[in-house]
Amino acid sequence: MKTSTFIRYELMRNFRNRRFFVFTVGFPLALYLLIAAPNRHEESLAGSGIPAPLYFMVGLAALGTMNAIVGGGARIAYERVSGWTRQLRLTPLRPRAYFGTKVAAGYLSASLTIAALYTAGIVLGVHLSAGRWLEMTGLLLIGLLPFAALGIFLGHVLGVEAVGPTVGGLGGLLGFLGGVWFPLGGGVMHDIAQALPSFWLVQASHVSLGGQGWSATGWLVVTAWTVVLSVLAVYAYRRDTARA
Amino acid sequence: MTQTTVVEIEGVQKSFRTPEGPVAAVRGVDLSIRPGELVALLGPNGAGKSTTIDMLLGLTRPDTGTVRVLGGQPLDATSAGLVGVMLQTGSLLRDVSARELLTMMASLYPAPLAVDEVLQLVGIEAIADRRTQKLSGGETQRVRFALALVSNPELLVLDEPTVAMDVESRHAFWTTMRQFAARGTTVLFATHHLEEADAHADRAVLVAEGRVVADGPTNEIKAMVGRRTIRATLADVPLAALLLPGVESADRHGDTVILSSNDTDQALRALLDTFPQARGIELTGAGLEQAFLALTGRTGR
């Protein structure tokens with residue numbers, strides 16, 4: 001058995017879907033250029049101490065990768081409704097491996113989004129040491145874990161017609177509350193934001209300040225969401241297959 | 001294979017919860033299939049064929065009874081890649097060609113067939129490089145059939161495989177199925193066409209209202225349910241004279257005679273030879289549904 005062949009085709013399939021591609025890579029890149037280019041000389045966005053090109057670069061990478069990862073998992077809904085997952089259950093492919101391919105496909109799209117935004121960021125003057133680039137990228141990739149679980153969960157509970165609006169709406173809301181568009185000041189909004197995993201994705205831009213990327217709260221929030229959403233995803237999968 | 005049965009279903013029952021209360025889909029099915037058998041699961045729509053197949057594949061768990069496939073639990077057999085399946089409904093994965101999809105699926109199995117061999121066997125080389133979403137309904141069905149074969153299964157399960165096929169695809173499909181079965185693969189297919197069971201299976205298992213009502217060689221089953229009725233306007237002929245070759249029983253309503261037959265070709269020839277004055281001849285198949293009603297009545301439900 002060569003599951004690698006299966007995964008390879010599964011990844012290739014993603015990139016043949018032009019619409020998926022345009023929305024996950026093209027959309028955040030276009031937004032970044034629109035927002036960051038006019039503010040490229042802003043050295044400290046809204047008093048955050050982070051230059052605007054860097055802040056928005058990470059913010060939009062967060063939004064784009066979040067959508068890529070959640071959307072990738074939610075595509076299970078189409079395969080569920082079309083009867084394809086039923087067919088797969090009759091093969092030696094284990095559910096865990098199936099989810100693995102979905103997450104891998106999501107991460108691959110996310111990596112492309114990140115690469116596109118980093119390139120644009122460098123063009124707009126983002127300057128970081130190699131270590132800081134790596135640290136930031138690592139935090140982004142780890143911060144996406146809860147969203148991978150969220151995607152698989154949504155893929156099992158949503159109908160096909162609900163996938164688009166839900167993923168789009170959720171992405172917009174989580175992005176806004178996470179501070180994609182501007183740094184959130186203190187107060188209630190900030191407290192709410194801190195409890196959301198999207199906030200910590202955007203916080204990866206703090207590496208430029210020289211401190212730690214995430215506080216202990218950050219690690220705790222990301223871990224907790226990953227665990228809770230994974231449990232929900234497993235539950236949704238079990239419920240879905242028991243009914244069939 | 002050393003085991004004596006490929007499929008062993010015993011006393012299986014299954015109900016589903018619906019808003020109107022529980023519905024018993026399968027009320028008691030026993031079925032044993034030996035290696036190399038070519039078996040048709042024959043019954044009208046709603047007889048419980050698909051539910052039985054779902055339990056056989058481990059997609060649904062029976063409420064009572066046991067199901068064993070190739071000596072183990074159904075899920076063990078499918079996880080080991082021993083069962084090739086074509087379910088009644090289901091579309092193909094998008095954004096890949098038929099060839100790529102077969103390659104992708106073959107990679108999941110321990111000992112698959114060569115993709116080119118399967119493409120050729122099913123006769124879909126011409127469409128092999130087309131994206132699956134661009135295939136017609138009949139072509140999609142053939143690719144789904146190819147997917148069932150590519151694992152080189154020991155047991156092939158086909159749930160109403162020809163429902164969405166045109167006449168041409170249907171013919172090609174059965175030819176391929178027989179070729180494949182000739183390798184020694186055990187085949188179970190569900191159908192509601194007596195002709196399909198008769199033409200392509202060695203044994204037919206009749207299911208009606210969730211029960212097995214008959215099980216035997218297809219020719220016996222055909223004789224049991226294949227009875228048809230000939231009606232004709234024919235005055236002044238005694239009933240005894242109507243018991244022609246091929247006619248099982250005769251009846252009369254006024255000038256109309258009603259002949260019941262298992263071999264209507266023979267009966268019709270005899271009728272026209274003997275009574276050229278017969279007019280307004282109608283031939284009606286009793287149809288599976290009616291035959292099943294008669295059979296289930298006979299089992300004293």
# chains A, B, ... in the order shown; residues from 1 in each chain; ligands from 1
>>> interface_residues(of="chain A", to="chain B", cutoff="6 Å", atoms="only C-alpha atoms", output="list in words")
Met1, Lys2, Thr3, Phe6, Arg13, Ser82, Gly83, Leu90, Thr91 and Pro92 of chain A
>>> residues_around(residues="Gly143 in chain A", least_positions_apart="4", cutoff="7 Å", atoms="only C-alpha atoms", output="ChimeraX atom specification")
/A:139,197,200-201,222
>>> residues_around(residues="Leu63 in chain A", least_positions_apart="6", cutoff="12 Å", atoms="only C-alpha atoms", output="PyMOL selection string")
chain A and resi 23-25+27-29+31-32+56-57+69-71+110+113-114+117+140+143-144+147+167-181+197-202
>>> write_last_selection(atoms="C-alpha atoms", output="short mmCIF file (atom, residue, chain, number, x, y, z; two decimals), in the first residue's frame")
data_model
loop_
_atom_site.label_atom_id
_atom_site.label_comp_id
_atom_site.auth_asym_id
_atom_site.auth_seq_id
_atom_site.Cartn_x
_atom_site.Cartn_y
_atom_site.Cartn_z
CA PHE A 23 -9.44 32.64 -3.19
CA THR A 24 -6.82 31.17 -0.90
CA VAL A 25 -3.72 32.74 -2.43
CA PHE A 27 -7.39 37.16 -2.39
CA PRO A 28 -5.17 37.78 0.67
CA LEU A 29 -2.32 38.91 -1.57
CA LEU A 31 -5.84 42.76 0.00
CA TYR A 32 -2.33 43.03 1.38
CA PHE A 56 -0.53 43.40 7.70
CA MET A 57 1.67 40.76 6.13
CA ILE A 69 -7.07 25.27 6.24
CA VAL A 70 -10.71 25.53 7.30
CA GLY A 71 -11.88 25.46 3.70
CA ALA A 110 -1.42 27.74 3.43
CA THR A 113 -0.30 31.85 0.79
CA ILE A 114 2.49 32.50 3.27
CA LEU A 117 2.65 37.31 1.28
CA LEU A 140 1.81 30.54 12.08
CA GLY A 143 -1.42 28.37 15.21
CA LEU A 144 -3.27 26.77 12.30
CA PHE A 147 -8.34 25.50 12.36
CA VAL A 167 -16.26 29.33 6.17
CA GLY A 168 -16.31 32.85 4.70
CA GLY A 169 -18.31 34.35 7.57
CA LEU A 170 -16.34 32.60 10.27
CA GLY A 171 -13.06 33.61 8.64
CA GLY A 172 -14.17 37.25 8.45
CA LEU A 173 -15.34 37.33 12.06
CA LEU A 174 -12.36 35.48 13.53
CA GLY A 175 -10.06 37.62 11.42
CA PHE A 176 -11.64 40.84 12.62
CA LEU A 177 -11.63 39.79 16.28
CA GLY A 178 -8.12 38.46 15.90
CA GLY A 179 -6.89 41.89 14.86
CA VAL A 180 -6.13 41.22 11.21
CA TRP A 181 -7.11 44.74 10.15
CA PRO A 197 -6.97 31.21 18.20
CA SER A 198 -7.01 33.71 15.31
CA PHE A 199 -5.62 36.41 17.62
CA TRP A 200 -2.50 34.35 18.22
CA LEU A 201 -1.96 33.83 14.53
CA VAL A 202 -1.80 37.61 14.08
#
>>> residues_around(residues="Val187 in chain B", least_positions_apart="4", cutoff="9 Å", atoms="only C-alpha atoms", output="PyMOL selection string")
chain B and resi 35-40+154-158+177+181+201
>>> write_last_selection(atoms="N, CA and C atoms", output="mmCIF file, in the first residue's frame")
data_model
loop_
_atom_site.group_PDB
_atom_site.id
_atom_site.type_symbol
_atom_site.label_atom_id
_atom_site.label_comp_id
_atom_site.auth_asym_id
_atom_site.auth_seq_id
_atom_site.Cartn_x
_atom_site.Cartn_y
_atom_site.Cartn_z
ATOM 1 N N PRO B 35 -17.153 -19.750 -2.275
ATOM 2 C CA PRO B 35 -16.188 -19.116 -3.189
ATOM 3 C C PRO B 35 -16.547 -19.387 -4.651
ATOM 4 N N GLY B 36 -16.428 -18.370 -5.471
ATOM 5 C CA GLY B 36 -16.639 -18.521 -6.901
ATOM 6 C C GLY B 36 -18.090 -18.467 -7.343
ATOM 7 N N GLU B 37 -19.004 -18.335 -6.392
ATOM 8 C CA GLU B 37 -20.419 -18.274 -6.783
ATOM 9 C C GLU B 37 -20.748 -16.916 -7.390
ATOM 10 N N LEU B 38 -21.755 -16.914 -8.260
ATOM 11 C CA LEU B 38 -22.223 -15.710 -8.923
ATOM 12 C C LEU B 38 -23.684 -15.575 -8.518
ATOM 13 N N VAL B 39 -23.945 -14.713 -7.536
ATOM 14 C CA VAL B 39 -25.256 -14.702 -6.897
ATOM 15 C C VAL B 39 -25.979 -13.380 -7.143
ATOM 16 N N ALA B 40 -27.257 -13.473 -7.496
ATOM 17 C CA ALA B 40 -28.083 -12.271 -7.645
ATOM 18 C C ALA B 40 -28.979 -12.142 -6.425
ATOM 19 N N GLU B 154 -11.475 -10.335 -3.780
ATOM 20 C CA GLU B 154 -11.917 -11.724 -3.705
ATOM 21 C C GLU B 154 -13.429 -11.793 -3.762
ATOM 22 N N LEU B 155 -14.051 -10.719 -3.287
ATOM 23 C CA LEU B 155 -15.508 -10.625 -3.331
ATOM 24 C C LEU B 155 -15.877 -9.314 -4.006
ATOM 25 N N LEU B 156 -16.765 -9.417 -4.987
ATOM 26 C CA LEU B 156 -17.220 -8.229 -5.707
ATOM 27 C C LEU B 156 -18.691 -8.027 -5.357
ATOM 28 N N VAL B 157 -19.025 -6.835 -4.845
ATOM 29 C CA VAL B 157 -20.396 -6.554 -4.446
ATOM 30 C C VAL B 157 -20.914 -5.383 -5.278
ATOM 31 N N LEU B 158 -22.016 -5.603 -5.974
ATOM 32 C CA LEU B 158 -22.549 -4.586 -6.867
ATOM 33 C C LEU B 158 -24.014 -4.330 -6.506
ATOM 34 N N MET B 177 -18.327 -8.054 -16.404
ATOM 35 C CA MET B 177 -18.550 -8.680 -15.103
ATOM 36 C C MET B 177 -18.338 -10.191 -15.213
ATOM 37 N N ALA B 181 -15.606 -12.420 -13.340
ATOM 38 C CA ALA B 181 -16.047 -13.515 -12.471
ATOM 39 C C ALA B 181 -15.371 -14.827 -12.866
ATOM 40 N N ALA B 201 -26.504 -14.574 -13.363
ATOM 41 C CA ALA B 201 -26.167 -15.209 -12.087
ATOM 42 C C ALA B 201 -26.415 -16.711 -12.176
#
>>> residues_around(residues="Thr119 in chain A", least_positions_apart="3", cutoff="12 Å", atoms="only C-alpha atoms", output="short mmCIF file (atom, residue, chain, number, x, y, z; two decimals) with N, CA and C atoms, in the first residue's frame")
data_model
loop_
_atom_site.label_atom_id
_atom_site.label_comp_id
_atom_site.auth_asym_id
_atom_site.auth_seq_id
_atom_site.Cartn_x
_atom_site.Cartn_y
_atom_site.Cartn_z
N LEU A 29 -3.43 38.17 -0.98
CA LEU A 29 -2.32 38.91 -1.57
C LEU A 29 -2.81 40.26 -2.09
N TYR A 32 -3.57 42.56 0.75
CA TYR A 32 -2.33 43.03 1.38
C TYR A 32 -1.75 44.21 0.61
N LEU A 33 -1.69 44.04 -0.70
CA LEU A 33 -1.11 45.11 -1.51
C LEU A 33 -1.96 46.37 -1.40
N PRO A 53 3.87 47.23 7.16
CA PRO A 53 4.00 46.13 6.18
C PRO A 53 4.12 44.77 6.86
N LEU A 54 4.81 44.71 7.99
CA LEU A 54 4.95 43.44 8.71
C LEU A 54 3.62 43.04 9.36
N MET A 57 1.20 41.98 6.78
CA MET A 57 1.67 40.76 6.13
C MET A 57 1.25 39.55 6.96
N VAL A 58 1.50 39.60 8.24
CA VAL A 58 1.15 38.48 9.11
C VAL A 58 -0.37 38.39 9.28
N ALA A 61 -1.72 36.91 6.19
CA ALA A 61 -1.30 35.50 6.13
C ALA A 61 -2.19 34.69 7.07
N LEU A 112 1.67 28.19 0.45
CA LEU A 112 1.73 29.05 -0.74
C LEU A 112 1.26 30.46 -0.42
N THR A 113 0.21 30.54 0.38
CA THR A 113 -0.30 31.85 0.79
C THR A 113 0.79 32.60 1.55
N ILE A 114 1.44 31.88 2.47
CA ILE A 114 2.49 32.50 3.27
C ILE A 114 3.64 32.96 2.37
N ALA A 115 4.04 32.10 1.44
CA ALA A 115 5.15 32.45 0.55
C ALA A 115 4.82 33.69 -0.28
N ALA A 116 3.59 33.74 -0.79
CA ALA A 116 3.18 34.90 -1.61
C ALA A 116 3.21 36.18 -0.79
N ILE A 122 8.43 41.53 1.63
CA ILE A 122 9.83 41.93 1.42
C ILE A 122 9.90 43.07 0.42
N VAL A 123 9.07 42.98 -0.61
CA VAL A 123 9.02 44.06 -1.61
C VAL A 123 8.62 45.38 -0.94
N LEU A 124 7.71 45.30 0.04
CA LEU A 124 7.25 46.51 0.71
C LEU A 124 8.15 46.89 1.90
N GLY A 125 9.27 46.22 2.04
CA GLY A 125 10.26 46.67 3.02
C GLY A 125 10.27 45.95 4.35
N VAL A 126 9.68 44.77 4.45
CA VAL A 126 9.75 44.04 5.72
C VAL A 126 11.17 43.50 5.90
N HIS A 127 11.75 43.77 7.08
CA HIS A 127 13.12 43.34 7.38
C HIS A 127 13.15 42.52 8.64
#
>>> select_by_dssp(residues="range 98-159 of chain B", states="strand (DSSP E)", output="ChimeraX atom specification")
/B:155-159
>>> write_last_selection(atoms="all heavy atoms", output="PDB file, in the first residue's frame")
ATOM      1  N   LEU B 155     -14.051 -10.719  -3.287  1.00  0.00           N
ATOM      2  CA  LEU B 155     -15.508 -10.625  -3.331  1.00  0.00           C
ATOM      3  C   LEU B 155     -15.877  -9.314  -4.006  1.00  0.00           C
ATOM      4  O   LEU B 155     -15.364  -8.254  -3.644  1.00  0.00           O
ATOM      5  CB  LEU B 155     -16.082 -10.672  -1.906  1.00  0.00           C
ATOM      6  CG  LEU B 155     -17.570 -10.344  -1.760  1.00  0.00           C
ATOM      7  CD1 LEU B 155     -18.444 -11.370  -2.440  1.00  0.00           C
ATOM      8  CD2 LEU B 155     -17.944 -10.224  -0.282  1.00  0.00           C
ATOM      9  N   LEU B 156     -16.765  -9.417  -4.987  1.00  0.00           N
ATOM     10  CA  LEU B 156     -17.220  -8.229  -5.707  1.00  0.00           C
ATOM     11  C   LEU B 156     -18.691  -8.027  -5.357  1.00  0.00           C
ATOM     12  O   LEU B 156     -19.496  -8.944  -5.526  1.00  0.00           O
ATOM     13  CB  LEU B 156     -17.039  -8.462  -7.208  1.00  0.00           C
ATOM     14  CG  LEU B 156     -17.280  -7.316  -8.171  1.00  0.00           C
ATOM     15  CD1 LEU B 156     -16.386  -6.128  -7.842  1.00  0.00           C
ATOM     16  CD2 LEU B 156     -17.029  -7.775  -9.600  1.00  0.00           C
ATOM     17  N   VAL B 157     -19.025  -6.835  -4.845  1.00  0.00           N
ATOM     18  CA  VAL B 157     -20.396  -6.554  -4.446  1.00  0.00           C
ATOM     19  C   VAL B 157     -20.914  -5.383  -5.278  1.00  0.00           C
ATOM     20  O   VAL B 157     -20.313  -4.307  -5.277  1.00  0.00           O
ATOM     21  CB  VAL B 157     -20.468  -6.204  -2.935  1.00  0.00           C
ATOM     22  CG1 VAL B 157     -21.897  -5.867  -2.534  1.00  0.00           C
ATOM     23  CG2 VAL B 157     -19.945  -7.358  -2.098  1.00  0.00           C
ATOM     24  N   LEU B 158     -22.016  -5.603  -5.974  1.00  0.00           N
ATOM     25  CA  LEU B 158     -22.549  -4.586  -6.867  1.00  0.00           C
ATOM     26  C   LEU B 158     -24.014  -4.330  -6.506  1.00  0.00           C
ATOM     27  O   LEU B 158     -24.835  -5.241  -6.585  1.00  0.00           O
ATOM     28  CB  LEU B 158     -22.448  -5.058  -8.327  1.00  0.00           C
ATOM     29  CG  LEU B 158     -21.090  -5.642  -8.752  1.00  0.00           C
ATOM     30  CD1 LEU B 158     -21.239  -6.489 -10.012  1.00  0.00           C
ATOM     31  CD2 LEU B 158     -20.083  -4.529  -8.974  1.00  0.00           C
ATOM     32  N   ASP B 159     -24.308  -3.109  -6.084  1.00  0.00           N
ATOM     33  CA  ASP B 159     -25.678  -2.801  -5.676  1.00  0.00           C
ATOM     34  C   ASP B 159     -26.404  -2.096  -6.820  1.00  0.00           C
ATOM     35  O   ASP B 159     -26.144  -0.932  -7.093  1.00  0.00           O
ATOM     36  CB  ASP B 159     -25.665  -1.919  -4.419  1.00  0.00           C
ATOM     37  CG  ASP B 159     -27.046  -1.772  -3.807  1.00  0.00           C
ATOM     38  OD1 ASP B 159     -27.999  -2.380  -4.337  1.00  0.00           O
ATOM     39  OD2 ASP B 159     -27.181  -1.042  -2.807  1.00  0.00           O
TER      40      ASP B 159
END
>>> closest_residue(among="B:Glu248, B:Glu160, B:Glu20, B:Asp255", to="Pro44 in chain B", atoms="only C-alpha atoms")
B:Glu160
>>> select_by_dssp(residues="range 124-196 of chain B", states="alpha helix (DSSP H)", output="PyMOL selection string")
chain B and resi 137-149+167-181+194-196
>>> residues_around(residues="Val237 in chain B", least_positions_apart="3", cutoff="12 Å", atoms="only C-alpha atoms", output="list in words")
Ala232, Thr233, Leu234, Ala240, Ala241, Leu242, Leu243, Ala250, Asp251, Arg252, Gly254, Asp255, Thr256, Val257, Leu271, Thr274, Phe275, Gln277 and Ala278 of chain B
>>> closest_residue(among="A:Thr223, A:Ser230, A:Ser48, A:Thr5", to="Ala195 in chain A", atoms="only C-alpha atoms")
A:Thr223
>>> closest_residue(among="B:Ile53, B:Ala25, B:Leu259, B:Ala270", to="Arg231 in chain B", atoms="only C-alpha atoms")
B:Leu259
>>> closest_residue(among="A:Arg89, A:Gly138, A:Glu79, A:Ala68", to="Ser205 in chain A", atoms="only C-alpha atoms")
A:Gly138
>>> residues_around(residues="Arg269 in chain B", least_positions_apart="2", cutoff="12 Å", atoms="only C-alpha atoms", output="compact mmCIF listing (two decimals) with N, CA and C atoms, in the first residue's frame")
# COMPACT_ATOMS: atom_id res chain seq x y z
N ILE B 230 -51.18 -14.63 -20.82
CA ILE B 230 -51.61 -14.33 -22.18
C ILE B 230 -53.13 -14.18 -22.16
N LEU B 244 -52.34 -25.88 -23.82
CA LEU B 244 -51.41 -26.12 -24.91
C LEU B 244 -49.99 -26.27 -24.37
N PRO B 245 -49.05 -26.69 -25.22
CA PRO B 245 -47.65 -26.75 -24.77
C PRO B 245 -47.21 -25.37 -24.24
N GLY B 246 -46.60 -25.34 -23.08
CA GLY B 246 -46.13 -24.08 -22.48
C GLY B 246 -47.16 -23.42 -21.60
N VAL B 247 -48.38 -23.92 -21.60
CA VAL B 247 -49.44 -23.31 -20.80
C VAL B 247 -49.59 -24.08 -19.49
N ASP B 263 -43.43 -20.22 -20.35
CA ASP B 263 -42.70 -20.11 -21.61
C ASP B 263 -43.69 -19.55 -22.63
N THR B 264 -43.77 -18.22 -22.64
CA THR B 264 -44.80 -17.59 -23.46
C THR B 264 -44.50 -17.73 -24.95
N ASP B 265 -43.24 -17.87 -25.32
CA ASP B 265 -42.92 -18.06 -26.74
C ASP B 265 -43.61 -19.31 -27.27
N GLN B 266 -43.39 -20.39 -26.52
CA GLN B 266 -43.96 -21.67 -26.92
C GLN B 266 -45.48 -21.62 -26.87
N ALA B 267 -46.02 -21.04 -25.81
CA ALA B 267 -47.47 -21.01 -25.63
C ALA B 267 -48.13 -20.19 -26.74
N LEU B 271 -50.77 -21.46 -29.45
CA LEU B 271 -52.10 -20.85 -29.47
C LEU B 271 -52.48 -20.45 -30.90
N LEU B 272 -51.54 -19.78 -31.60
CA LEU B 272 -51.84 -19.30 -32.95
C LEU B 272 -51.92 -20.44 -33.96
N ASP B 273 -51.11 -21.47 -33.74
CA ASP B 273 -51.17 -22.63 -34.64
C ASP B 273 -52.52 -23.34 -34.50
N THR B 274 -52.94 -23.52 -33.25
CA THR B 274 -54.14 -24.30 -33.01
C THR B 274 -55.41 -23.49 -33.25
N PHE B 275 -55.37 -22.19 -32.83
CA PHE B 275 -56.56 -21.35 -32.95
C PHE B 275 -56.23 -20.06 -33.69
N PRO B 276 -56.12 -20.16 -35.05
CA PRO B 276 -55.74 -18.95 -35.79
C PRO B 276 -56.79 -17.84 -35.65
N ALA B 278 -57.89 -16.63 -32.92
CA ALA B 278 -57.67 -15.85 -31.69
C ALA B 278 -57.30 -14.41 -32.05
N ILE B 281 -54.59 -10.32 -28.88
CA ILE B 281 -53.71 -11.02 -27.93
C ILE B 281 -52.88 -10.03 -27.11
>>> atom_distance(atom1="CA of Leu119 in chain B", atom2="CA of Ile7 in chain A")
22.0 Å
>>> closest_residue(among="A:Trp219, A:Tyr118, A:Phe182, A:Tyr237", to="Tyr98 in chain A", atoms="only C-alpha atoms")
A:Tyr237
